[in-house]
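Structure file upload_19.cif with mmCIF, C-alpha atoms (C1' of nucleotides):
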data_structure
#
loop_
_atom_site.group_PDB
_atom_site.id
_atom_site.type_symbol
_atom_site.label_atom_id
_atom_site.label_comp_id
_atom_site.auth_asym_id
_atom_site.auth_seq_id
_atom_site.Cartn_x
_atom_site.Cartn_y
_atom_site.Cartn_z
ATOM 1 C CA MET A 1 233.330 20.652 48.905
ATOM 2 C CA PRO A 2 233.323 23.608 46.619
ATOM 3 C CA GLU A 3 236.802 23.847 45.196
ATOM 4 C CA LEU A 4 238.008 26.518 42.834
ATOM 5 C CA PRO A 5 236.411 24.885 39.786
ATOM 6 C CA GLU A 6 233.020 24.753 41.473
ATOM 7 C CA VAL A 7 233.352 28.355 42.575
ATOM 8 C CA GLU A 8 234.214 29.378 39.026
ATOM 9 C CA VAL A 9 231.279 27.385 37.666
ATOM 10 C CA THR A 10 229.088 29.141 40.200
ATOM 11 C CA ARG A 11 230.464 32.515 39.150
ATOM 12 C CA ARG A 12 229.698 31.856 35.506
ATOM 13 C CA SER A 13 226.202 30.712 36.331
ATOM 14 C CA ILE A 14 225.236 33.817 38.275
ATOM 15 C CA ASP A 15 227.242 36.562 36.572
ATOM 16 C CA GLU A 16 225.080 37.182 33.531
ATOM 17 C CA PRO A 17 221.670 36.709 35.106
ATOM 18 C CA LEU A 18 222.529 38.934 38.075
ATOM 19 C CA ARG A 19 224.239 41.731 36.223
ATOM 20 C CA GLY A 20 222.130 44.847 36.479
ATOM 21 C CA ALA A 21 219.825 43.270 39.026
ATOM 22 C CA GLN A 22 218.615 45.594 41.717
ATOM 23 C CA VAL A 23 218.715 44.500 45.339
ATOM 24 C CA LEU A 24 215.224 44.412 46.793
ATOM 25 C CA GLU A 25 216.008 42.917 50.168
ATOM 26 C CA VAL A 26 218.738 41.109 52.084
ATOM 27 C CA ARG A 27 217.735 38.465 54.583
ATOM 28 C CA LEU A 28 220.196 37.022 57.042
ATOM 29 C CA GLY A 29 219.970 33.677 58.792
ATOM 30 C CA LYS A 30 222.505 32.486 61.288
ATOM 31 C CA VAL A 31 225.785 34.303 61.203
ATOM 32 C CA LEU A 32 228.328 32.634 58.947
ATOM 33 C CA ARG A 33 232.051 32.891 59.538
ATOM 34 C CA TRP A 34 231.695 36.613 60.130
ATOM 35 C CA PRO A 35 228.807 39.013 60.366
ATOM 36 C CA LEU A 36 227.828 40.888 57.219
ATOM 37 C CA GLY A 37 229.413 44.026 58.614
ATOM 38 C CA VAL A 38 226.783 46.470 57.443
ATOM 39 C CA PRO A 39 223.056 46.810 58.114
ATOM 40 C CA ALA A 40 221.273 44.652 55.545
ATOM 41 C CA GLN A 41 218.963 47.517 54.716
ATOM 42 C CA ARG A 42 221.849 49.539 53.382
ATOM 43 C CA LEU A 43 222.136 47.210 50.415
ATOM 44 C CA GLN A 44 218.625 47.867 49.200
ATOM 45 C CA GLY A 45 218.460 49.585 45.856
ATOM 46 C CA ARG A 46 222.052 48.765 44.935
ATOM 47 C CA VAL A 47 222.672 47.283 41.496
ATOM 48 C CA VAL A 48 224.833 44.202 40.995
ATOM 49 C CA GLY A 49 227.855 44.556 38.729
ATOM 50 C CA PRO A 50 229.994 41.869 37.046
ATOM 51 C CA VAL A 51 230.693 38.991 39.412
ATOM 52 C CA GLN A 52 234.379 38.278 39.924
ATOM 53 C CA ARG A 53 236.315 35.439 41.491
ATOM 54 C CA ARG A 54 239.581 35.542 43.395
ATOM 55 C CA GLY A 55 240.715 32.206 44.727
ATOM 56 C CA LYS A 56 237.594 30.672 46.175
ATOM 57 C CA TYR A 57 236.073 34.031 46.976
ATOM 58 C CA LEU A 58 233.356 35.594 44.864
ATOM 59 C CA TRP A 59 233.001 39.334 44.639
ATOM 60 C CA LEU A 60 229.649 40.900 43.817
ATOM 61 C CA PRO A 61 230.270 44.576 43.173
ATOM 62 C CA LEU A 62 227.381 46.852 43.973
ATOM 63 C CA LEU A 63 226.568 50.123 42.306
ATOM 64 C CA GLY A 64 224.654 52.964 43.873
ATOM 65 C CA ALA A 65 221.670 54.694 42.295
ATOM 66 C CA ASP A 66 224.086 57.042 40.567
ATOM 67 C CA GLY A 67 225.833 54.136 38.877
ATOM 68 C CA GLN A 68 228.983 54.613 40.893
ATOM 69 C CA ALA A 69 230.666 51.687 42.625
ATOM 70 C CA ASP A 70 229.426 51.484 46.148
ATOM 71 C CA GLY A 71 231.002 48.518 47.889
ATOM 72 C CA GLY A 72 230.155 44.926 47.314
ATOM 73 C CA LEU A 73 229.742 41.512 48.795
ATOM 74 C CA LEU A 74 232.548 39.048 49.317
ATOM 75 C CA LEU A 75 231.161 35.529 49.351
ATOM 76 C CA HIS A 76 232.853 32.275 50.267
ATOM 77 C CA LEU A 77 231.306 28.833 50.144
ATOM 78 C CA GLY A 78 233.516 27.354 52.824
ATOM 79 C CA MET A 79 233.283 23.612 53.077
ATOM 80 C CA SER A 80 229.647 22.959 52.530
ATOM 81 C CA GLY A 81 228.234 26.077 50.940
ATOM 82 C CA SER A 82 226.385 26.470 47.683
ATOM 83 C CA LEU A 83 224.817 29.376 45.875
ATOM 84 C CA ALA A 84 221.578 29.103 43.982
ATOM 85 C CA LEU A 85 219.878 31.693 41.847
ATOM 86 C CA ARG A 86 216.200 30.967 41.676
ATOM 87 C CA GLN A 87 213.104 32.652 40.393
ATOM 88 C CA ASP A 88 210.888 31.605 43.236
ATOM 89 C CA ALA A 89 211.460 32.562 46.853
ATOM 90 C CA PRO A 90 210.515 29.822 49.277
ATOM 91 C CA PRO A 91 211.060 30.619 52.945
ATOM 92 C CA PRO A 92 214.639 30.012 54.034
ATOM 93 C CA GLY A 93 215.421 26.584 55.444
ATOM 94 C CA PRO A 94 217.564 25.943 58.492
ATOM 95 C CA HIS A 95 220.766 26.050 56.425
ATOM 96 C CA ASP A 96 219.929 29.093 54.328
ATOM 97 C CA HIS A 97 221.896 31.923 55.881
ATOM 98 C CA PHE A 98 222.015 34.625 53.274
ATOM 99 C CA ASP A 99 219.324 35.713 50.825
ATOM 100 C CA LEU A 100 219.886 38.413 48.247
ATOM 101 C CA LEU A 101 216.479 39.112 46.814
ATOM 102 C CA THR A 102 216.799 40.987 43.524
ATOM 103 C CA THR A 103 214.763 42.013 40.531
ATOM 104 C CA ARG A 104 216.330 39.081 38.659
ATOM 105 C CA GLY A 105 215.709 36.434 41.242
ATOM 106 C CA LEU A 106 216.805 35.233 44.629
ATOM 107 C CA LEU A 107 220.477 34.500 45.246
ATOM 108 C CA ARG A 108 220.546 32.129 48.203
ATOM 109 C CA LEU A 109 223.591 30.936 50.114
ATOM 110 C CA THR A 110 223.024 27.569 51.730
ATOM 111 C CA ASP A 111 225.741 26.335 54.055
ATOM 112 C CA PRO A 112 225.089 23.678 56.693
ATOM 113 C CA ARG A 113 228.493 23.937 58.319
ATOM 114 C CA ARG A 114 228.712 27.704 58.105
ATOM 115 C CA PHE A 115 232.385 27.861 57.213
ATOM 116 C CA GLY A 116 231.335 30.135 54.403
ATOM 117 C CA ALA A 117 231.012 33.875 54.458
ATOM 118 C CA ALA A 118 229.042 36.829 53.169
ATOM 119 C CA VAL A 119 230.821 40.027 54.064
ATOM 120 C CA TRP A 120 230.266 43.554 52.913
ATOM 121 C CA SER A 121 233.328 45.539 51.874
ATOM 122 C CA ALA A 122 233.620 49.114 50.649
ATOM 123 C CA ALA A 123 235.712 47.854 47.739
ATOM 124 C CA LEU A 124 237.705 44.828 46.703
ATOM 125 C CA ASP A 125 240.924 46.622 47.576
ATOM 126 C CA ARG A 126 239.686 47.908 50.902
ATOM 127 C CA ASP A 127 239.159 46.062 54.149
ATOM 128 C CA PRO A 128 237.815 43.611 54.976
ATOM 129 C CA ALA A 129 238.079 42.254 51.426
ATOM 130 C CA ALA A 130 241.639 43.444 50.915
ATOM 131 C CA ARG A 131 242.793 41.807 54.129
ATOM 132 C CA LEU A 132 241.105 38.514 53.296
ATOM 133 C CA LEU A 133 242.540 38.389 49.786
ATOM 134 C CA SER A 134 245.985 39.660 50.723
ATOM 135 C CA THR A 135 247.386 36.227 51.565
ATOM 136 C CA LEU A 136 246.324 34.620 48.301
ATOM 137 C CA GLY A 137 248.891 33.410 45.822
ATOM 138 C CA HIS A 138 248.646 33.413 42.046
ATOM 139 C CA GLU A 139 245.587 32.281 40.211
ATOM 140 C CA PRO A 140 246.483 28.855 38.830
ATOM 141 C CA PHE A 141 246.017 29.895 35.205
ATOM 142 C CA ASP A 142 247.679 33.273 35.554
ATOM 143 C CA PRO A 143 250.259 33.466 32.734
ATOM 144 C CA LEU A 144 252.489 35.425 35.098
ATOM 145 C CA LEU A 145 252.827 32.217 37.090
ATOM 146 C CA THR A 146 255.592 30.733 34.977
ATOM 147 C CA ASP A 147 257.563 27.590 35.732
ATOM 148 C CA ALA A 148 260.406 29.782 36.929
ATOM 149 C CA VAL A 149 258.203 31.863 39.222
ATOM 150 C CA PHE A 150 256.644 28.732 40.680
ATOM 151 C CA HIS A 151 259.990 27.063 41.223
ATOM 152 C CA ALA A 152 261.408 30.180 42.844
ATOM 153 C CA ALA A 153 258.425 30.330 45.200
ATOM 154 C CA LEU A 154 258.917 26.702 46.207
ATOM 155 C CA LYS A 155 262.582 27.393 46.800
ATOM 156 C CA ARG A 156 261.653 29.838 49.528
ATOM 157 C CA ARG A 157 259.662 27.272 51.476
ATOM 158 C CA ARG A 158 261.016 24.559 53.707
ATOM 159 C CA ALA A 159 257.634 23.040 54.563
ATOM 160 C CA ALA A 160 256.264 19.877 52.975
ATOM 161 C CA VAL A 161 255.140 20.570 49.421
ATOM 162 C CA LYS A 162 251.609 19.345 50.155
ATOM 163 C CA LEU A 163 251.257 21.956 52.896
ATOM 164 C CA VAL A 164 252.640 24.668 50.646
ATOM 165 C CA LEU A 165 250.039 23.834 48.019
ATOM 166 C CA LEU A 166 247.281 23.785 50.643
ATOM 167 C CA ALA A 167 248.339 27.111 52.116
ATOM 168 C CA GLY A 168 247.363 28.770 48.850
ATOM 169 C CA ASP A 169 249.893 31.538 49.178
ATOM 170 C CA VAL A 170 251.878 30.359 46.173
ATOM 171 C CA VAL A 171 249.009 29.233 43.986
ATOM 172 C CA VAL A 172 245.346 29.216 44.965
ATOM 173 C CA GLY A 173 242.806 26.535 44.212
ATOM 174 C CA ALA A 174 244.633 23.371 45.152
ATOM 175 C CA GLY A 175 242.508 22.231 48.089
ATOM 176 C CA ASN A 176 243.111 18.951 49.822
ATOM 177 C CA ILE A 177 241.754 16.755 47.065
ATOM 178 C CA TYR A 178 243.481 18.563 44.227
ATOM 179 C CA ALA A 179 246.751 18.879 46.092
ATOM 180 C CA CYS A 180 246.838 15.107 46.563
ATOM 181 C CA GLU A 181 245.860 14.443 42.982
ATOM 182 C CA ALA A 182 248.319 16.927 41.512
ATOM 183 C CA LEU A 183 251.214 15.545 43.548
ATOM 184 C CA HIS A 184 250.347 12.072 42.356
ATOM 185 C CA ARG A 185 250.227 13.189 38.758
ATOM 186 C CA ALA A 186 253.597 14.833 39.174
ATOM 187 C CA GLY A 187 255.069 11.843 40.998
ATOM 188 C CA ILE A 188 256.121 13.944 43.979
ATOM 189 C CA HIS A 189 255.942 12.709 47.559
ATOM 190 C CA PRO A 190 253.635 14.952 49.647
ATOM 191 C CA ARG A 191 256.182 15.168 52.464
ATOM 192 C CA ARG A 192 258.989 16.331 50.217
ATOM 193 C CA ARG A 193 260.290 19.707 51.258
ATOM 194 C CA ALA A 194 259.198 22.321 48.762
ATOM 195 C CA ASP A 195 262.697 23.789 48.515
ATOM 196 C CA ARG A 196 264.068 20.424 47.496
ATOM 197 C CA ILE A 197 262.096 20.190 44.307
ATOM 198 C CA GLY A 198 264.122 20.878 41.212
ATOM 199 C CA PRO A 199 263.021 23.068 38.313
ATOM 200 C CA ALA A 200 261.870 20.200 36.099
ATOM 201 C CA ARG A 201 259.757 18.615 38.809
ATOM 202 C CA ALA A 202 258.382 21.993 39.853
ATOM 203 C CA ALA A 203 257.285 22.550 36.277
ATOM 204 C CA ALA A 204 255.668 19.123 36.264
ATOM 205 C CA LEU A 205 253.850 19.956 39.483
ATOM 206 C CA LEU A 206 252.535 23.247 38.179
ATOM 207 C CA ALA A 207 251.322 21.502 35.048
ATOM 208 C CA ALA A 208 249.700 18.831 37.204
ATOM 209 C CA VAL A 209 247.901 21.429 39.313
ATOM 210 C CA ARG A 210 246.606 23.066 36.158
ATOM 211 C CA ASP A 211 245.603 19.790 34.512
ATOM 212 C CA THR A 212 243.790 18.653 37.624
ATOM 213 C CA LEU A 213 241.921 21.914 38.026
ATOM 214 C CA ALA A 214 241.121 22.127 34.331
ATOM 215 C CA ARG A 215 239.729 18.617 34.346
ATOM 216 C CA ALA A 216 237.658 19.367 37.427
ATOM 217 C CA MET A 217 236.420 22.499 35.730
ATOM 218 C CA GLU A 218 235.107 20.340 32.908
ATOM 219 C CA VAL A 219 233.130 18.160 35.270
ATOM 220 C CA GLY A 220 232.548 20.953 37.775
ATOM 221 C CA GLY A 221 228.993 21.374 36.679
ATOM 222 C CA SER A 222 228.093 17.854 37.521
ATOM 223 C CA THR A 223 229.988 18.066 40.780
ATOM 224 C CA LEU A 224 227.840 21.046 41.614
ATOM 225 C CA ARG A 225 224.632 19.416 40.581
ATOM 226 C CA ASP A 226 225.425 16.355 42.596
ATOM 227 C CA PHE A 227 226.775 18.270 45.537
ATOM 228 C CA ARG A 228 224.931 16.601 48.343
ATOM 229 C CA ASP A 229 226.989 14.451 50.620
ATOM 230 C CA ALA A 230 228.997 15.708 53.542
ATOM 231 C CA HIS A 231 232.277 15.291 51.768
ATOM 232 C CA GLY A 232 231.068 17.052 48.667
ATOM 233 C CA MET A 233 232.424 14.329 46.481
ATOM 234 C CA SER A 234 229.348 12.702 45.090
ATOM 235 C CA GLY A 235 229.883 14.154 41.631
ATOM 236 C CA ALA A 236 231.850 13.038 38.627
ATOM 237 C CA PHE A 237 234.908 14.113 40.486
ATOM 238 C CA GLN A 238 235.000 11.301 42.999
ATOM 239 C CA ALA A 239 235.070 8.715 40.246
ATOM 240 C CA GLU A 240 238.172 10.330 38.792
ATOM 241 C CA THR A 241 240.443 10.603 41.800
ATOM 242 C CA ARG A 242 243.505 8.419 41.513
ATOM 243 C CA VAL A 243 244.625 8.492 45.131
ATOM 244 C CA TYR A 244 242.284 10.683 47.167
ATOM 245 C CA GLY A 245 239.985 8.559 49.324
ATOM 246 C CA ARG A 246 241.573 5.373 47.989
ATOM 247 C CA GLU A 247 243.634 4.124 50.891
ATOM 248 C CA ASP A 248 244.888 0.555 50.417
ATOM 249 C CA GLN A 249 243.807 0.487 46.800
ATOM 250 C CA ASP A 250 246.164 -0.058 43.889
ATOM 251 C CA CYS A 251 247.781 2.939 42.275
ATOM 252 C CA PRO A 252 246.385 3.191 38.735
ATOM 253 C CA ARG A 253 249.787 4.166 37.404
ATOM 254 C CA CYS A 254 252.298 1.841 39.010
ATOM 255 C CA GLY A 255 250.221 -0.710 40.873
ATOM 256 C CA GLY A 256 251.680 0.358 44.210
ATOM 257 C CA ILE A 257 249.545 0.731 47.295
ATOM 258 C CA VAL A 258 247.848 4.040 48.032
ATOM 259 C CA ARG A 259 248.669 5.220 51.541
ATOM 260 C CA ARG A 260 246.963 7.671 53.843
ATOM 261 C CA ILE A 261 248.964 9.889 56.147
ATOM 262 C CA VAL A 262 248.048 12.963 58.150
ATOM 263 C CA GLN A 263 249.713 16.304 57.522
ATOM 264 C CA ALA A 264 248.667 19.307 59.571
ATOM 265 C CA GLN A 265 245.614 17.352 60.701
ATOM 266 C CA ARG A 266 244.483 16.681 57.178
ATOM 267 C CA SER A 267 244.431 13.426 55.292
ATOM 268 C CA THR A 268 246.970 13.053 52.539
ATOM 269 C CA TYR A 269 246.704 10.215 50.062
ATOM 270 C CA TYR A 270 249.638 9.218 47.917
ATOM 271 C CA CYS A 271 251.190 6.246 46.199
ATOM 272 C CA ALA A 272 254.190 4.875 48.035
ATOM 273 C CA GLY A 273 255.418 3.365 44.779
ATOM 274 C CA CYS A 274 255.645 6.226 42.340
ATOM 275 C CA GLN A 275 255.739 9.421 44.413
ATOM 276 C CA THR A 276 259.232 10.271 45.534
ATOM 277 C "C1'" DC B 277 258.606 35.462 60.168
ATOM 278 C "C1'" DG B 278 257.926 30.716 58.782
ATOM 279 C "C1'" DG B 279 255.539 26.812 60.196
ATOM 280 C "C1'" DG B 280 252.222 24.298 62.330
ATOM 281 C "C1'" DA B 281 248.235 23.656 65.704
ATOM 282 C "C1'" DC B 282 243.640 25.047 66.695
ATOM 283 C "C1'" DG B 283 238.777 25.964 66.220
ATOM 284 C "C1'" DC B 284 234.768 26.992 63.886
ATOM 285 C "C1'" DC B 285 230.373 23.701 62.432
ATOM 286 C "C1'" DT B 286 227.192 19.777 61.314
ATOM 287 C "C1'" DG B 287 226.032 15.660 58.261
ATOM 288 C "C1'" DT B 288 227.645 11.168 57.780
ATOM 289 C "C1'" DG B 289 228.695 6.546 58.729
ATOM 290 C "C1'" DA B 290 231.299 3.166 61.342
ATOM 291 C "C1'" DG B 291 231.006 0.789 65.504
ATOM 292 C "C1'" DC B 292 228.623 -0.845 69.435
ATOM 293 C "C1'" DT C 293 217.506 -0.433 65.127
ATOM 294 C "C1'" DG C 294 219.167 3.432 67.657
ATOM 295 C "C1'" DC C 295 222.759 5.751 69.754
ATOM 296 C "C1'" DT C 296 227.539 7.727 70.203
ATOM 297 C "C1'" DC C 297 231.385 9.649 68.366
ATOM 298 C "C1'" DA C 298 235.240 10.337 65.269
ATOM 299 C "C1'" DC C 299 235.818 12.366 60.969
ATOM 300 C "C1'" DA C 300 235.547 15.429 56.982
ATOM 301 C "C1'" DG C 301 238.121 20.217 55.855
ATOM 302 C "C1'" DG C 302 238.978 25.970 54.182
ATOM 303 C "C1'" DC C 303 241.149 29.162 56.271
ATOM 304 C "C1'" DG C 304 241.723 32.902 59.748
ATOM 305 C "C1'" DT C 305 244.007 33.206 63.993
ATOM 306 C "C1'" DC C 306 247.144 32.274 67.405
ATOM 307 C "C1'" DC C 307 251.370 30.611 69.331
ATOM 308 C "C1'" DC C 308 256.117 28.899 69.159
#
As a first step, turn the structure in this file into C-alpha cells.
Amino acid sequence: MPELPEVEVTRRSIDEPLRGAQVLEVRLGKVLRWPLGVPAQRLQGRVVGPVQRRGKYLWLPLLGADGQADGGLLLHLGMSGSLALRQDAPPPGPHDHFDLLTTRGLLRLTDPRRFGAAVWSAALDRDPAARLLSTLGHEPFDPLLTDAVFHAALKRRRAAVKLVLLAGDVVVGAGNIYACEALHRAGIHPRRRADRIGPARAAALLAAVRDTLARAMEVGGSTLRDFRDAHGMSGAFQAETRVYGREDQDCPRCGGIVRRIVQAQRSTYYCAGCQT
DNA sequence: CGGGACGCCTGTGAGC
DNA sequence: TGCTCACAGGCGTCCC
C-alpha cells in the first residue's frame, strides 16, 4: 500500500509538472472516504500551487484568478490508491474516482478500495484539513524530533510500542510494514510497553524508523511502478522485508523463527529470538 | 483521556 | 475449474 515513501515519491512526481496548471474540470466517480465537500465546478479556473505532503496526506493548494490562495485539495491514497498524471484523458474506469483535468494534464486518483480521500478545504490550517492533520505526530525526518523528544513521547504511553508507532501521533509514516521492520532492526519486541523503553533503545528505534523509511524512499519509485497486487507489496520493497510477511521463516539476523501475532486486529511479525 | 475495537471496501488466494 | 470466504490494512470514529 502507499506508505509515506510512496506518497513522497508521488508528491515529487506531480509537484513540478502541476505547478501553475489551471483546473479545467473536476470529475468525480464514486465517493471516497468522504465527499469532496464543495461543488466540483467551483474548482474550475483555479491554479495549482506547490504540492505539499503531511504524513500520508498530500495538499494541493489552489490559487484564485487573482493569484491569492483560495483553498486546496487534501488527498489521501488510503490502502490501495494511486495518483497518475497523464497527458491523455481516457474515460474513467470503475476504480477512478477523482479526475483533476488541468492545462498540464490529467491528475487521476485510482483507488479500488476507496479508503482514500479527496477533500476540499479552505486552507491547510482550516477544517476539514486542520482537523484531519491535527492528530499527526512529527514528520520522521523532522530535526525537531530528537532522541530525547522521541523518548519522552514514548514515556507518556503505556500501550505496546508497535501500536504507538502505528497510531502515528508520535511519528508519522511507520505503517504496519515499516513498524514491524523498524522494531526488528532495533531489536525491540512489538508488545513491549512504550514507556518501558529506555533512552538508548528509543534512540535506536527512531534511527531504525528513519533508516527503514529512507531505504524505502530509495526504492519507492519501483514500489510505485510495480504497485499492482492487493497487498501493495509487489515492488522492490517486498524483497527487502526481514520479518514482515515471513512467518515461520528464519530471522536473517539471529536465525530465530519469525512469528506472527495480532495486535489491534493487525498482523505483527517479529523475531522471537532477537526482539526483546 | 488513553487505549483498543470497529467499519469502511474490494482484489486476492487458500480451501473445498 | 469454479465458488466461497477470510484476509489485507489506514485511519476516523466510537465506546469503555
Contacts of C:DA298 at 12 Å or less, counting all atoms listed in the file, minus same-chain residues fewer than 6 places along, as a PyMOL selection string?
chain B and resi 288-291
Which residues fall under the PyMOL selection byres ((chain B) within 8 of (chain A)) in this file, as a PyMOL selection string?
chain B and resi 279-281+284-288
Tell me the residues of chain A close to chain C, meaning within 12 Å using all atoms listed in the file, as a count of residues only.
46
For the structure provided, state which residues fall under the PyMOL selection byres ((chain A and resi 49) around 8), and present them as a count of residues only.
11
To one decimal place in Å, what is the distance between atom CA of A:Ala208 and atom CA of A:Arg185?
5.9 Å
Leaving out A:Ala160 and any residue of its chain fewer than 3 positions from it, which residues lie within 7 Å of it when counting all atoms listed in the file, given as a compact mmCIF listing (two decimals) with C-alpha atoms, in the frame of the given file?
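Resulting contents of result-v2.txt:
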# COMPACT_ATOMS: atom_id res chain seq x y z
CA LEU A 163 251.26 21.96 52.90
CA VAL A 164 252.64 24.67 50.65
CA PRO A 190 253.64 14.95 49.65
CA ARG A 191 256.18 15.17 52.46
CA ARG A 192 258.99 16.33 50.22
CA ARG A 193 260.29 19.71 51.26
CA ALA A 194 259.20 22.32 48.76
Work out how far apart atom CA of A:Val170 and atom CA of A:Thr110 are and give it in Å to one decimal.
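Separation of atom CA of A:Val170 and atom CA of A:Thr110: 29.5 Å.
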Work out how far apart atom CA of A:Ala207 and atom CA of A:Ala186 are and give it in Å to one decimal.
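Pair atom CA of A:Ala207 / atom CA of A:Ala186 returns 8.2 Å.
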Padding 8 Å on every side, please: axis-aligned box over the listed atoms of stretch 296-302 of chain C, centre and edge lengths to one decimal in Å, as JSON.
{"center_x": 233.3, "center_y": 16.8, "center_z": 62.2, "size_x": 27.4, "size_y": 34.2, "size_z": 32.0}
Going by the chain IDs and residue numbers used in this file, which residues fall under the PyMOL selection byres ((chain A and resi 253) around 12)? Write them as a compact mmCIF listing (two decimals) with C-alpha atoms, in the frame of the given file.
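Output file out.txt follows:
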# COMPACT_ATOMS: atom_id res chain seq x y z
CA HIS A 184 250.35 12.07 42.36
CA ARG A 185 250.23 13.19 38.76
CA ALA A 186 253.60 14.83 39.17
CA GLY A 187 255.07 11.84 41.00
CA ARG A 242 243.50 8.42 41.51
CA VAL A 243 244.62 8.49 45.13
CA GLN A 249 243.81 0.49 46.80
CA ASP A 250 246.16 -0.06 43.89
CA CYS A 251 247.78 2.94 42.28
CA PRO A 252 246.38 3.19 38.74
CA CYS A 254 252.30 1.84 39.01
CA GLY A 255 250.22 -0.71 40.87
CA GLY A 256 251.68 0.36 44.21
CA ILE A 257 249.54 0.73 47.30
CA VAL A 258 247.85 4.04 48.03
CA TYR A 270 249.64 9.22 47.92
CA CYS A 271 251.19 6.25 46.20
CA ALA A 272 254.19 4.88 48.04
CA GLY A 273 255.42 3.36 44.78
CA CYS A 274 255.64 6.23 42.34
CA GLN A 275 255.74 9.42 44.41
Could stretch 131-143 of chain A be completed with N, CA and C atoms and returned as a PDB file, in the coordinates of the input?
ATOM      1  N   ARG A 131     242.074  42.601  53.133  1.00  0.00           N
ATOM      2  CA  ARG A 131     242.793  41.807  54.129  1.00  0.00           C
ATOM      3  C   ARG A 131     242.606  40.306  53.858  1.00  0.00           C
ATOM      4  N   LEU A 132     241.380  39.934  53.509  1.00  0.00           N
ATOM      5  CA  LEU A 132     241.105  38.514  53.296  1.00  0.00           C
ATOM      6  C   LEU A 132     241.796  37.984  52.040  1.00  0.00           C
ATOM      7  N   LEU A 133     241.942  38.838  51.039  1.00  0.00           N
ATOM      8  CA  LEU A 133     242.540  38.389  49.786  1.00  0.00           C
ATOM      9  C   LEU A 133     244.052  38.568  49.775  1.00  0.00           C
ATOM     10  N   SER A 134     244.576  39.263  50.770  1.00  0.00           N
ATOM     11  CA  SER A 134     245.985  39.660  50.723  1.00  0.00           C
ATOM     12  C   SER A 134     246.941  38.475  50.809  1.00  0.00           C
ATOM     13  N   THR A 135     246.481  37.373  51.389  1.00  0.00           N
ATOM     14  CA  THR A 135     247.386  36.227  51.565  1.00  0.00           C
ATOM     15  C   THR A 135     247.331  35.273  50.377  1.00  0.00           C
ATOM     16  N   LEU A 136     246.497  35.570  49.401  1.00  0.00           N
ATOM     17  CA  LEU A 136     246.324  34.620  48.301  1.00  0.00           C
ATOM     18  C   LEU A 136     247.484  34.672  47.307  1.00  0.00           C
ATOM     19  N   GLY A 137     247.863  33.507  46.843  1.00  0.00           N
ATOM     20  CA  GLY A 137     248.891  33.410  45.822  1.00  0.00           C
ATOM     21  C   GLY A 137     248.323  33.639  44.433  1.00  0.00           C
ATOM     22  N   HIS A 138     249.079  33.240  43.435  1.00  0.00           N
ATOM     23  CA  HIS A 138     248.646  33.413  42.046  1.00  0.00           C
ATOM     24  C   HIS A 138     247.390  32.601  41.748  1.00  0.00           C
ATOM     25  N   GLU A 139     246.611  33.103  40.824  1.00  0.00           N
ATOM     26  CA  GLU A 139     245.587  32.281  40.211  1.00  0.00           C
ATOM     27  C   GLU A 139     246.295  31.184  39.425  1.00  0.00           C
ATOM     28  N   PRO A 140     245.762  29.960  39.454  1.00  0.00           N
ATOM     29  CA  PRO A 140     246.483  28.855  38.830  1.00  0.00           C
ATOM     30  C   PRO A 140     246.741  29.052  37.336  1.00  0.00           C
ATOM     31  N   PHE A 141     245.845  29.741  36.655  1.00  0.00           N
ATOM     32  CA  PHE A 141     246.017  29.895  35.205  1.00  0.00           C
ATOM     33  C   PHE A 141     246.561  31.274  34.832  1.00  0.00           C
ATOM     34  N   ASP A 142     247.058  31.986  35.813  1.00  0.00           N
ATOM     35  CA  ASP A 142     247.679  33.273  35.554  1.00  0.00           C
ATOM     36  C   ASP A 142     248.957  33.063  34.746  1.00  0.00           C
ATOM     37  N   PRO A 143     249.045  33.638  33.555  1.00  0.00           N
ATOM     38  CA  PRO A 143     250.259  33.466  32.734  1.00  0.00           C
ATOM     39  C   PRO A 143     251.514  34.013  33.403  1.00  0.00           C
TER      40      PRO A 143
END
